[in-house]
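Reading through the structure tokens given below for one structure.
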Amino acid sequence: MAKRDYYEILGISVHASAEEIKKAYRRKAKELHPDRNADNPDAEALFKEVNEAYEILKDPEKRAAYDRFGHAAFEGGMGGGRSGGFGAQGADFASAFSDVFDDLFGDFMGQRNAARQRAARGSDLRYNLRVTLEDAFNGVQKTIRVPTSVSCEECSGTGAASGTEPSICPTCSGMGKVRAQQGFFTVERTCPTCGGMGHMIKDPCKACHGQGRIEKERALSVNIPAGVETGTRIRLAGEGEAGLRGGPPGDLYIFIEVEEHPLFQRDGTDLYCRVPVSMTKAALGGDVEVPTIDGGRTRVKVPAGSQSGKQMRLRGKGMPALRGGGVGDMYIELQVETPVNLTARQKELLREFEEISNDNNPAGSKFFQTVKSFWESMKS
């Protein structure tokens, strides 16, 4: 089968410039690449044909020979011979293929937008801050001291000594990466000379030893909003570790831990306070004074006959919700105390009271009636 004309294969005229030939080849190669034409059985053969045409026409000497003798210029020893475009000139094909490789896979391999390696961003930092429940209720401003890396003032973060500047790496020409040809593919690796930075420092700064940053403790003012809870995270943008050699700084994350309170237990925006009351007050009823988280106090009426665990709600006396959203409630939980260290007279009065109050304890009466029924059922 006679070979097709190379100009026809690429869709160009015989007067096309080298740039036009290259553009036509890239267009055709992308159009006919086998990976993009899995359902076309002829795609691979056409793709090889396009590469063969480009391999000849991109070389001025080969193109001149082809223009004069046609395909015969590369048969019978005149051009070194080909075998389907993938024979002895496989290395030439690899070179041709790398020209279009940027357009096909450039984004994946990082070749399309290759630029000088950016300086490294600083690391994010974490700071654990403990606050009281009162601080979480009111909101507070705290000053914290954070050991971190800051930009070197001596070299302005460049890492180079004063009066000098980093020089472009001679190995990678500032790209931070080097290319190596492996068969049909071009592989990029981190430059071994500059470590991927793209530049080198011949005369490093004596203060930071070429790092562009130094260790230093900083004092920062942090605004703790009302309503924070244990686990609340506050982000301070740009207050983390300084970037390497002028890179942007990281962020500082403050994690809040609210300390336990001796009086109040917290559940979201609600507060709970256990209040002890005497046995007589629980039985007869009365008033009890209780504290509130804002530092105030309020009187709560204890109903007659109250039992341990009874709760009473004080609306709006809880914790504020973070960033607005209302205020929770406060729950008073009664704990009825049993008297201790009784005098003889007190014991005598209690015994007398017990004798005349067998039916005054509803929970106890119900329990013992249930026990009695249980034992009777077991006997039967």
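Chain labels run A, B, ... following the order of the structure tokens; each chain numbers its residues from 1, and ligands are numbered from 1 in the order shown.
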Which residues of range 136-167 of chain A come within 7 Å of range 232-245 of chain A, and what is each one's closest atom pair and distance in Å (one decimal), counting only C-alpha atoms, sorted by chain and residue number, as a tab-separated table?
residue	atom	partner	partner_atom	distance
A:Thr148	CA	A:Glu241	CA	5.7
A:Ser149	CA	A:Glu241	CA	4.9
A:Val150	CA	A:Ala242	CA	4.8
A:Ser151	CA	A:Ala242	CA	5.6
A:Gly157	CA	A:Arg245	CA	5.2
A:Thr158	CA	A:Arg245	CA	4.7
A:Gly159	CA	A:Arg245	CA	5.6
Could I get the residues of range 137-256 of chain A with an atom no further than 10 Å from an atom of range 261-268 of chain A, each paired with its nearest atom pair and that distance in Å to one decimal, using only C-alpha atoms, sorted by chain and residue number, as a tab-separated table?
residue	atom	partner	partner_atom	distance
A:Gly227	CA	A:Gly268	CA	9.1
A:Val228	CA	A:Gly268	CA	9.7
A:Glu229	CA	A:Gly268	CA	7.9
Take the residues from that selection and put them in a file with C-alpha atoms, as a tab-separated table (two decimals), in the first residue's frame.
chain	number	residue	atom	x	y	z
A	227	GLY	CA	-20.27	31.13	74.58
A	228	VAL	CA	-17.10	29.16	73.76
A	229	GLU	CA	-17.02	25.50	74.76
Report task. Tell me, in Å to one decimal, how far CA of Pro339 in chain A is from CA of Thr298 in chain A. Result ->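 Taking CA of Pro339 in chain A as the start and CA of Thr298 in chain A as the end point, the length is 25.3 Å.
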Query - Who sits within 8 Å of range 300-307 of chain A, only C-alpha atoms, same chain under 5 positions skipped, as a list in words - result: Lys281, Ala282, Ala283, Leu284, Gly285, Gly286, Asp287, Val288, Glu289, Val290, Leu334, Gln335 and Val336 of chain A
**Report entry** All strand (DSSP E) positions in range 111-228 of chain A, as a count of residues only
**Finding:** 47
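Proximity ranking of A:Lys177, A:Arg213, A:Arg145, A:Arg189 relative to Gly122 in chain A places A:Arg213 first, based on only C-alpha atoms.
The protein and nucleic acid residues lying at most 7 Å from Ile168 in chain A are Pro166, Pro170, Ser173, Gly174, Gly198, His199 and Met200 of chain A, with only C-alpha atoms considered and sequence neighbours fewer than 2 positions away removed.
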Please produce a file of the residues just selected, as a compact mmCIF listing (two decimals), in the first residue's frame, where the atoms kept are N, CA, C and O atoms.
# COMPACT_ATOMS: atom_id res chain seq x y z
N PRO A 166 19.72 35.59 46.49
CA PRO A 166 19.84 34.20 46.02
C PRO A 166 20.05 34.16 44.51
O PRO A 166 19.51 34.98 43.77
N PRO A 170 21.95 26.62 38.77
CA PRO A 170 22.45 26.33 37.43
C PRO A 170 21.98 24.99 36.87
O PRO A 170 21.97 24.78 35.66
N SER A 173 17.93 25.76 36.24
CA SER A 173 17.64 27.10 35.70
C SER A 173 16.45 27.75 36.41
O SER A 173 15.64 28.43 35.80
N GLY A 174 16.33 27.50 37.70
CA GLY A 174 15.30 28.14 38.49
C GLY A 174 13.97 27.40 38.49
O GLY A 174 13.02 27.86 39.13
N GLY A 198 14.75 26.13 43.43
CA GLY A 198 14.92 26.91 42.20
C GLY A 198 16.04 27.94 42.28
O GLY A 198 16.41 28.53 41.27
N HIS A 199 16.56 28.15 43.47
CA HIS A 199 17.66 29.11 43.62
C HIS A 199 18.60 28.63 44.72
O HIS A 199 18.27 27.73 45.50
N MET A 200 19.77 29.22 44.76
CA MET A 200 20.79 28.84 45.73
C MET A 200 21.32 30.08 46.43
O MET A 200 21.28 31.18 45.88
Need to verify the contact set: Tyr7 in chain A, 9 Å, only C-alpha atoms, exclusion of same-chain residues closer than 4 positions in sequence. Can you return it as a compact mmCIF listing (two decimals) with N, CA and C atoms, in the first residue's frame?
# COMPACT_ATOMS: atom_id res chain seq x y z
N GLY A 11 -2.14 17.91 7.10
CA GLY A 11 -3.12 18.89 6.67
C GLY A 11 -2.53 20.26 6.45
N ILE A 12 -1.33 20.34 5.90
CA ILE A 12 -0.66 21.62 5.66
C ILE A 12 -0.20 21.69 4.22
N SER A 13 0.19 22.89 3.80
CA SER A 13 0.70 23.06 2.44
C SER A 13 2.20 22.80 2.42
N VAL A 14 2.73 22.63 1.20
CA VAL A 14 4.16 22.36 1.06
C VAL A 14 5.00 23.59 1.42
N ALA A 16 4.39 25.42 4.18
CA ALA A 16 4.17 25.68 5.61
C ALA A 16 5.48 25.95 6.32
N ILE A 21 4.07 23.70 10.95
CA ILE A 21 4.21 22.24 10.98
C ILE A 21 4.05 21.73 12.42
N ALA A 53 5.28 11.53 9.82
CA ALA A 53 5.30 12.71 8.96
C ALA A 53 5.99 13.87 9.66
N LEU A 57 9.30 16.16 8.46
CA LEU A 57 9.11 17.55 8.06
C LEU A 57 9.66 18.55 9.07
Report task. Run DSSP on the backbone and grab whatever in range 121-348 of chain A lands in helix (DSSP H, G or I); send it over as a ChimeraX atom specification. Result -> /A:133-138,244-246,279-284,344-348
With N, CA, C and O atoms kept, could you save the residues just selected as a PDB file, in the first residue's frame?
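What ended up in selection00.pdb:
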ATOM      1  N   LEU A 133     -15.177  29.031  83.376  1.00  0.00           N
ATOM      2  CA  LEU A 133     -16.556  29.070  82.906  1.00  0.00           C
ATOM      3  C   LEU A 133     -17.057  30.508  82.897  1.00  0.00           C
ATOM      4  O   LEU A 133     -17.838  30.897  82.019  1.00  0.00           O
ATOM      5  N   GLU A 134     -16.593  31.325  83.858  1.00  0.00           N
ATOM      6  CA  GLU A 134     -16.972  32.729  83.868  1.00  0.00           C
ATOM      7  C   GLU A 134     -16.445  33.447  82.626  1.00  0.00           C
ATOM      8  O   GLU A 134     -17.143  34.290  82.042  1.00  0.00           O
ATOM      9  N   ASP A 135     -15.219  33.123  82.215  1.00  0.00           N
ATOM     10  CA  ASP A 135     -14.668  33.717  80.986  1.00  0.00           C
ATOM     11  C   ASP A 135     -15.494  33.302  79.777  1.00  0.00           C
ATOM     12  O   ASP A 135     -15.745  34.106  78.872  1.00  0.00           O
ATOM     13  N   ALA A 136     -15.912  32.035  79.758  1.00  0.00           N
ATOM     14  CA  ALA A 136     -16.719  31.549  78.638  1.00  0.00           C
ATOM     15  C   ALA A 136     -18.094  32.211  78.632  1.00  0.00           C
ATOM     16  O   ALA A 136     -18.697  32.383  77.571  1.00  0.00           O
ATOM     17  N   PHE A 137     -18.583  32.598  79.798  1.00  0.00           N
ATOM     18  CA  PHE A 137     -19.882  33.265  79.887  1.00  0.00           C
ATOM     19  C   PHE A 137     -19.786  34.722  79.424  1.00  0.00           C
ATOM     20  O   PHE A 137     -20.620  35.203  78.650  1.00  0.00           O
ATOM     21  N   ASN A 138     -18.776  35.417  79.890  1.00  0.00           N
ATOM     22  CA  ASN A 138     -18.661  36.847  79.613  1.00  0.00           C
ATOM     23  C   ASN A 138     -17.911  37.167  78.327  1.00  0.00           C
ATOM     24  O   ASN A 138     -18.105  38.221  77.732  1.00  0.00           O
ATOM     25  N   LEU A 244       9.378  29.536  54.758  1.00  0.00           N
ATOM     26  CA  LEU A 244      10.801  29.326  54.507  1.00  0.00           C
ATOM     27  C   LEU A 244      11.266  30.203  53.360  1.00  0.00           C
ATOM     28  O   LEU A 244      10.660  30.213  52.285  1.00  0.00           O
ATOM     29  N   ARG A 245      12.298  30.988  53.610  1.00  0.00           N
ATOM     30  CA  ARG A 245      12.889  31.879  52.605  1.00  0.00           C
ATOM     31  C   ARG A 245      11.847  32.797  51.969  1.00  0.00           C
ATOM     32  O   ARG A 245      11.687  32.845  50.752  1.00  0.00           O
ATOM     33  N   GLY A 246      11.121  33.487  52.820  1.00  0.00           N
ATOM     34  CA  GLY A 246      10.180  34.480  52.322  1.00  0.00           C
ATOM     35  C   GLY A 246       8.808  33.946  51.980  1.00  0.00           C
ATOM     36  O   GLY A 246       7.970  34.692  51.473  1.00  0.00           O
ATOM     37  N   MET A 279     -33.772  18.142 105.387  1.00  0.00           N
ATOM     38  CA  MET A 279     -34.910  17.225 105.306  1.00  0.00           C
ATOM     39  C   MET A 279     -36.202  17.929 105.696  1.00  0.00           C
ATOM     40  O   MET A 279     -37.249  17.732 105.072  1.00  0.00           O
ATOM     41  N   THR A 280     -36.126  18.799 106.688  1.00  0.00           N
ATOM     42  CA  THR A 280     -37.326  19.489 107.141  1.00  0.00           C
ATOM     43  C   THR A 280     -37.799  20.502 106.108  1.00  0.00           C
ATOM     44  O   THR A 280     -39.002  20.651 105.872  1.00  0.00           O
ATOM     45  N   LYS A 281     -36.837  21.217 105.446  1.00  0.00           N
ATOM     46  CA  LYS A 281     -37.237  22.191 104.433  1.00  0.00           C
ATOM     47  C   LYS A 281     -37.833  21.494 103.218  1.00  0.00           C
ATOM     48  O   LYS A 281     -38.783  21.993 102.596  1.00  0.00           O
ATOM     49  N   ALA A 282     -37.250  20.333 102.869  1.00  0.00           N
ATOM     50  CA  ALA A 282     -37.808  19.582 101.745  1.00  0.00           C
ATOM     51  C   ALA A 282     -39.209  19.092 102.072  1.00  0.00           C
ATOM     52  O   ALA A 282     -40.087  19.040 101.204  1.00  0.00           O
ATOM     53  N   ALA A 283     -39.448  18.754 103.358  1.00  0.00           N
ATOM     54  CA  ALA A 283     -40.761  18.246 103.748  1.00  0.00           C
ATOM     55  C   ALA A 283     -41.774  19.367 103.907  1.00  0.00           C
ATOM     56  O   ALA A 283     -42.930  19.260 103.464  1.00  0.00           O
ATOM     57  N   LEU A 284     -41.359  20.477 104.522  1.00  0.00           N
ATOM     58  CA  LEU A 284     -42.291  21.552 104.829  1.00  0.00           C
ATOM     59  C   LEU A 284     -42.351  22.616 103.747  1.00  0.00           C
ATOM     60  O   LEU A 284     -43.305  23.387 103.662  1.00  0.00           O
ATOM     61  N   ALA A 344     -29.563  13.640 121.537  1.00  0.00           N
ATOM     62  CA  ALA A 344     -30.518  12.659 122.072  1.00  0.00           C
ATOM     63  C   ALA A 344     -31.942  13.127 121.863  1.00  0.00           C
ATOM     64  O   ALA A 344     -32.842  12.336 121.530  1.00  0.00           O
ATOM     65  N   ARG A 345     -32.195  14.420 122.072  1.00  0.00           N
ATOM     66  CA  ARG A 345     -33.534  14.948 121.885  1.00  0.00           C
ATOM     67  C   ARG A 345     -33.986  14.855 120.430  1.00  0.00           C
ATOM     68  O   ARG A 345     -35.134  14.514 120.141  1.00  0.00           O
ATOM     69  N   GLN A 346     -33.055  15.122 119.495  1.00  0.00           N
ATOM     70  CA  GLN A 346     -33.390  15.039 118.068  1.00  0.00           C
ATOM     71  C   GLN A 346     -33.719  13.599 117.666  1.00  0.00           C
ATOM     72  O   GLN A 346     -34.663  13.350 116.904  1.00  0.00           O
ATOM     73  N   LYS A 347     -32.959  12.662 118.218  1.00  0.00           N
ATOM     74  CA  LYS A 347     -33.230  11.257 117.917  1.00  0.00           C
ATOM     75  C   LYS A 347     -34.610  10.852 118.454  1.00  0.00           C
ATOM     76  O   LYS A 347     -35.353  10.111 117.806  1.00  0.00           O
ATOM     77  N   GLU A 348     -34.918  11.341 119.665  1.00  0.00           N
ATOM     78  CA  GLU A 348     -36.202  11.017 120.267  1.00  0.00           C
ATOM     79  C   GLU A 348     -37.361  11.559 119.428  1.00  0.00           C
ATOM     80  O   GLU A 348     -38.353  10.862 119.184  1.00  0.00           O
TER      81      GLU A 348
END
